[in-house]
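A.B. asks: Could you have a look at this structure, given as structure tokens, before my questions?
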Amino acid sequence: MTTQATATEAPAVDLGREELGSQSGLLPDKRRLARGERARMLLIVNPMATTVSGRLRTLIEHALRGRYEVEAAETECSNHATELSRQAVADEFDVVVAFGGDGTVNEVANGLADSRVALSVLPGGCTNVVCRMLGIPVDVIDATEHLLGLADDLQPRDVDLGSVNGRYFVSSGGVGLDAETTRWVDDHPPLKRRAGPFFFSAAGALSFGRYLRRPARIAIEAGGRRIEGVSAVVQNSDPYTFFNSRPVRLCQGEALQSGTFAMVVLRTVRRRDVPSLSYRLLSARALTGHRQIDSFPSLREARVTALDHDPQALDTFPVQVDGDYIGHFSEAEFRMHPDALRVVA
């Protein structure tokens, strides 16, 4: 099996905060609006997102037009939101609003990274992790009112992005078990829309069962250490995700403006560890104290490679970013990009 390239390219340049601030034209101060001028907004709508409907889009678009100069576009295929966002940068919009789930937010972030155009979010997905991280209400009507209240003074701020093999992520990226789960979820969109977070739980259980039969063996090099395992998750924030309103924590202590990410590695997959792992996840306790978990705090880079010495193991592993499966790889390079994205929230 050969390594697949991601569909979206992003610059793999790891600039520090001081370097970012010194780059001419890179994330400059916000554009000042003239008296009576409205901020230009591109509203990117994912019509396939869990809670998005045509009627809801019309209502929200009409409300936003009361305070912004709004153009709207629907996504038509994978990575279309990235293309639309890059065009928004070229057209000098003030803000691009991702109306969809975390996958839509991820695509928009990849189009806006290292630009002066800000990202904002209207929740339309199942978990809306990035929305919660930014302090945006998870009810779409409340979030719209919140965005209307910011119209006269957007006050964008800069946050960090992680990347894996050149693909940016806002909240998390992972290889192995969680990526296999997201792939299964992505393959069953009607079930995802109907079942919500319970569907993710079922998908996780199914993925765990498949992993018991044939896990991907991986080597992780990070923080001056090398270990082997079967799955790894990188977090640019805490928590990792939510079950309804309950936070699910893998790592602790990371934030969108910390300049580093954290990683947890599952050493092996055993049935007897399922109860204790599940308890820690559902009780909002981090996995870092579990006997099968290795943790790497405060990283700026990490490398994951597939091991081929085990004939029962896969020679590639699945990869996810912000809850979206992006392909199978034999190698994954994780990097931190401080202050790479401008957000309004």
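Following the order of the structure tokens, first chain is A, next is B, and so on, with residues numbered from 1 inside each chain and ligands from 1 in the order they appear.
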Name all residues at most 8 Å from Ala109 of chain A (count only C-alpha atoms; drop same-chain ones fewer than 5 positions away) and give them as a list in words.
C.D. replies: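 The neighbour list is Thr82, Leu119, Tyr168, Phe169, Val170 and Leu341 of chain A.
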A.B. asks: Keeping only all heavy atoms, take the residues you just selected and write them out as a short mmCIF file (atom, residue, chain, number, x, y, z; two decimals), in the first residue's frame.
C.D. replies:
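Result went into part08.cif, see below:
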data_model
loop_
_atom_site.label_atom_id
_atom_site.label_comp_id
_atom_site.auth_asym_id
_atom_site.auth_seq_id
_atom_site.Cartn_x
_atom_site.Cartn_y
_atom_site.Cartn_z
N THR A 82 -11.74 25.20 1.57
CA THR A 82 -10.38 25.74 1.52
C THR A 82 -10.19 26.62 0.30
O THR A 82 -9.63 27.72 0.38
CB THR A 82 -9.36 24.59 1.52
OG1 THR A 82 -9.51 23.82 2.71
CG2 THR A 82 -7.94 25.12 1.45
N LEU A 119 -11.13 34.16 10.86
CA LEU A 119 -12.10 33.07 10.88
C LEU A 119 -13.08 33.27 12.02
O LEU A 119 -12.69 33.64 13.13
CB LEU A 119 -11.39 31.73 11.07
CG LEU A 119 -12.24 30.53 11.52
CD1 LEU A 119 -13.08 30.01 10.37
CD2 LEU A 119 -11.36 29.42 12.10
N TYR A 168 -3.04 21.66 8.07
CA TYR A 168 -3.27 22.31 9.36
C TYR A 168 -4.42 21.66 10.11
O TYR A 168 -5.37 21.15 9.52
CB TYR A 168 -3.60 23.79 9.15
CG TYR A 168 -2.43 24.65 8.73
CD1 TYR A 168 -2.45 25.31 7.50
CD2 TYR A 168 -1.34 24.84 9.56
CE1 TYR A 168 -1.41 26.13 7.11
CE2 TYR A 168 -0.28 25.65 9.18
CZ TYR A 168 -0.33 26.29 7.95
OH TYR A 168 0.72 27.10 7.56
N PHE A 169 -4.36 21.75 11.45
CA PHE A 169 -5.52 21.44 12.28
C PHE A 169 -5.62 22.48 13.39
O PHE A 169 -4.61 23.05 13.82
CB PHE A 169 -5.46 20.01 12.85
CG PHE A 169 -4.24 19.69 13.67
CD1 PHE A 169 -4.19 19.98 15.03
CD2 PHE A 169 -3.14 19.06 13.10
CE1 PHE A 169 -3.08 19.66 15.80
CE2 PHE A 169 -2.02 18.74 13.86
CZ PHE A 169 -1.99 19.04 15.21
N VAL A 170 -6.86 22.72 13.84
CA VAL A 170 -7.10 23.72 14.87
C VAL A 170 -7.06 23.10 16.26
O VAL A 170 -6.36 23.59 17.15
CB VAL A 170 -8.45 24.42 14.65
CG1 VAL A 170 -8.65 25.55 15.68
CG2 VAL A 170 -8.56 24.99 13.24
N LEU A 341 -3.23 31.64 12.78
CA LEU A 341 -4.62 31.86 12.35
C LEU A 341 -5.21 33.01 13.13
O LEU A 341 -5.07 33.09 14.36
CB LEU A 341 -5.46 30.60 12.59
CG LEU A 341 -6.93 30.67 12.18
CD1 LEU A 341 -7.07 30.79 10.66
CD2 LEU A 341 -7.70 29.48 12.70
#
A.B. asks: With only C-alpha atoms as the basis for distance, which of A:Ala88, A:Val45, A:Leu150, A:Ala332 is at the shortest distance from Gly101 of chain A?
C.D. replies: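 The shortest atom-to-atom distance to Gly101 of chain A comes from A:Val45.
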A.B. asks: In Å, rounded to a single decimal, give me how far atom CA of Val52 of chain A is from atom CA of Val129 of chain A.
C.D. replies: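 Interatomic distance here is 16.4 Å.
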A.B. asks: Nearest residue to Val175 of chain A out of A:Ser231, A:Asn128, A:Ser245, A:Thr260, using only C-alpha atoms?
C.D. replies: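 For Val175 of chain A, the nearest of the candidates is A:Ser231.
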A.B. asks: Can you list, as a PyMOL selection string, every residue of segment 97-153 of chain A that DSSP puts in strand (DSSP E or B)?
C.D. replies: chain A and resi 97-100+118-123
A.B. asks: Would you put the residues from that selection into a file with all heavy atoms, as a short mmCIF file (atom, residue, chain, number, x, y, z; two decimals), in the first residue's frame?
C.D. replies:
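selection_30.cif was written with the following content:
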data_model
loop_
_atom_site.label_atom_id
_atom_site.label_comp_id
_atom_site.auth_asym_id
_atom_site.auth_seq_id
_atom_site.Cartn_x
_atom_site.Cartn_y
_atom_site.Cartn_z
N VAL A 97 -16.80 33.14 7.76
CA VAL A 97 -17.54 32.40 8.77
C VAL A 97 -17.80 30.98 8.26
O VAL A 97 -18.39 30.80 7.20
CB VAL A 97 -18.87 33.09 9.12
CG1 VAL A 97 -19.67 32.25 10.11
CG2 VAL A 97 -18.61 34.48 9.68
N ALA A 98 -17.34 29.99 9.02
CA ALA A 98 -17.57 28.59 8.69
C ALA A 98 -18.86 28.14 9.37
O ALA A 98 -18.92 28.06 10.60
CB ALA A 98 -16.41 27.74 9.15
N PHE A 99 -19.89 27.88 8.58
CA PHE A 99 -21.17 27.40 9.10
C PHE A 99 -21.24 25.91 8.80
O PHE A 99 -21.62 25.49 7.71
CB PHE A 99 -22.32 28.16 8.46
CG PHE A 99 -23.69 27.78 8.97
CD1 PHE A 99 -23.86 27.11 10.17
CD2 PHE A 99 -24.83 28.10 8.24
CE1 PHE A 99 -25.12 26.76 10.64
CE2 PHE A 99 -26.10 27.77 8.69
CZ PHE A 99 -26.24 27.09 9.89
N GLY A 100 -20.86 25.11 9.78
CA GLY A 100 -20.81 23.66 9.62
C GLY A 100 -20.16 23.06 10.84
O GLY A 100 -20.10 23.68 11.90
N ALA A 118 -9.78 36.96 9.02
CA ALA A 118 -10.12 36.25 10.26
C ALA A 118 -11.17 35.17 10.02
O ALA A 118 -11.99 35.26 9.11
CB ALA A 118 -10.63 37.24 11.30
N LEU A 119 -11.13 34.16 10.86
CA LEU A 119 -12.10 33.07 10.88
C LEU A 119 -13.08 33.27 12.02
O LEU A 119 -12.69 33.64 13.13
CB LEU A 119 -11.39 31.73 11.07
CG LEU A 119 -12.24 30.53 11.52
CD1 LEU A 119 -13.08 30.01 10.37
CD2 LEU A 119 -11.36 29.42 12.10
N SER A 120 -14.37 33.03 11.77
CA SER A 120 -15.33 32.87 12.83
C SER A 120 -16.18 31.65 12.51
O SER A 120 -16.09 31.09 11.40
CB SER A 120 -16.21 34.11 13.00
OG SER A 120 -16.89 34.06 14.26
N VAL A 121 -17.01 31.22 13.47
CA VAL A 121 -17.70 29.94 13.35
C VAL A 121 -19.16 30.08 13.75
O VAL A 121 -19.48 30.74 14.75
CB VAL A 121 -17.04 28.85 14.24
CG1 VAL A 121 -17.73 27.51 14.05
CG2 VAL A 121 -15.55 28.74 13.94
N LEU A 122 -20.03 29.46 12.97
CA LEU A 122 -21.42 29.22 13.38
C LEU A 122 -21.59 27.70 13.49
O LEU A 122 -21.30 26.98 12.53
CB LEU A 122 -22.41 29.79 12.36
CG LEU A 122 -22.52 31.31 12.32
CD1 LEU A 122 -23.46 31.75 11.21
CD2 LEU A 122 -22.99 31.87 13.66
N PRO A 123 -22.04 27.19 14.63
CA PRO A 123 -22.08 25.75 14.85
C PRO A 123 -23.13 25.06 14.00
O PRO A 123 -24.30 25.40 14.05
CB PRO A 123 -22.41 25.63 16.34
CG PRO A 123 -23.16 26.89 16.66
CD PRO A 123 -22.55 27.95 15.79
#
A.B. asks: Write out as a list in words the residues lying within 10 Å of Arg291 of chain A, counting only C-alpha atoms and excluding same-chain residues fewer than 5 positions away.
C.D. replies: Leu266, Arg267, Asp273, Ser276 and Leu277 of chain A
A.B. asks: Okay, now the selection with all heavy atoms, as a PDB file, in the first residue's frame?
C.D. replies:
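Writing the result to again39.pdb gives the following:
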ATOM      1  N   LEU A 266      -1.063   5.455  22.841  1.00  0.00           N
ATOM      2  CA  LEU A 266      -1.566   4.191  23.374  1.00  0.00           C
ATOM      3  C   LEU A 266      -0.574   3.098  22.988  1.00  0.00           C
ATOM      4  O   LEU A 266      -0.331   2.854  21.803  1.00  0.00           O
ATOM      5  CB  LEU A 266      -2.950   3.890  22.803  1.00  0.00           C
ATOM      6  CG  LEU A 266      -3.624   2.586  23.227  1.00  0.00           C
ATOM      7  CD1 LEU A 266      -3.902   2.580  24.737  1.00  0.00           C
ATOM      8  CD2 LEU A 266      -4.927   2.378  22.445  1.00  0.00           C
ATOM      9  N   ARG A 267       0.015   2.440  23.990  1.00  0.00           N
ATOM     10  CA  ARG A 267       1.070   1.469  23.719  1.00  0.00           C
ATOM     11  C   ARG A 267       0.559   0.204  23.035  1.00  0.00           C
ATOM     12  O   ARG A 267       1.188  -0.327  22.124  1.00  0.00           O
ATOM     13  CB  ARG A 267       1.760   1.074  25.031  1.00  0.00           C
ATOM     14  CG  ARG A 267       2.484   2.207  25.727  1.00  0.00           C
ATOM     15  CD  ARG A 267       3.370   1.652  26.840  1.00  0.00           C
ATOM     16  NE  ARG A 267       3.753   2.697  27.774  1.00  0.00           N
ATOM     17  CZ  ARG A 267       3.206   2.873  28.954  1.00  0.00           C
ATOM     18  NH1 ARG A 267       2.242   2.068  29.364  1.00  0.00           N
ATOM     19  NH2 ARG A 267       3.617   3.841  29.748  1.00  0.00           N
ATOM     20  N   ASP A 273      -8.223  -3.457  29.149  1.00  0.00           N
ATOM     21  CA  ASP A 273      -7.989  -2.042  29.427  1.00  0.00           C
ATOM     22  C   ASP A 273      -9.175  -1.157  29.046  1.00  0.00           C
ATOM     23  O   ASP A 273      -9.183   0.035  29.386  1.00  0.00           O
ATOM     24  CB  ASP A 273      -6.747  -1.552  28.670  1.00  0.00           C
ATOM     25  CG  ASP A 273      -5.472  -2.190  29.186  1.00  0.00           C
ATOM     26  OD1 ASP A 273      -5.330  -2.287  30.423  1.00  0.00           O
ATOM     27  OD2 ASP A 273      -4.639  -2.606  28.369  1.00  0.00           O
ATOM     28  N   SER A 276     -11.146   0.704  32.115  1.00  0.00           N
ATOM     29  CA  SER A 276     -10.420   1.795  32.775  1.00  0.00           C
ATOM     30  C   SER A 276     -10.197   2.975  31.832  1.00  0.00           C
ATOM     31  O   SER A 276     -10.278   4.137  32.253  1.00  0.00           O
ATOM     32  CB  SER A 276      -9.080   1.288  33.318  1.00  0.00           C
ATOM     33  OG  SER A 276      -8.298   0.707  32.294  1.00  0.00           O
ATOM     34  N   LEU A 277      -9.935   2.711  30.562  1.00  0.00           N
ATOM     35  CA  LEU A 277      -9.799   3.796  29.587  1.00  0.00           C
ATOM     36  C   LEU A 277     -11.117   4.542  29.433  1.00  0.00           C
ATOM     37  O   LEU A 277     -11.148   5.781  29.421  1.00  0.00           O
ATOM     38  CB  LEU A 277      -9.339   3.238  28.239  1.00  0.00           C
ATOM     39  CG  LEU A 277      -7.885   2.777  28.139  1.00  0.00           C
ATOM     40  CD1 LEU A 277      -7.669   1.988  26.852  1.00  0.00           C
ATOM     41  CD2 LEU A 277      -6.923   3.958  28.197  1.00  0.00           C
TER      42      LEU A 277
END
A.B. asks: Write out as a ChimeraX atom specification which residues come within 9 Å of Tyr68 of chain A when counting only C-alpha atoms, dropping same-chain ones fewer than 4 positions away.
C.D. replies: /A:37-41,64,148,151
A.B. asks: Report, in Å to a single decimal, how far apart atom CA of Phe334 of chain A and atom CA of Ala49 of chain A are.
C.D. replies: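 Going from atom CA of Ala49 of chain A over to atom CA of Phe334 of chain A, I get 27.5 Å.
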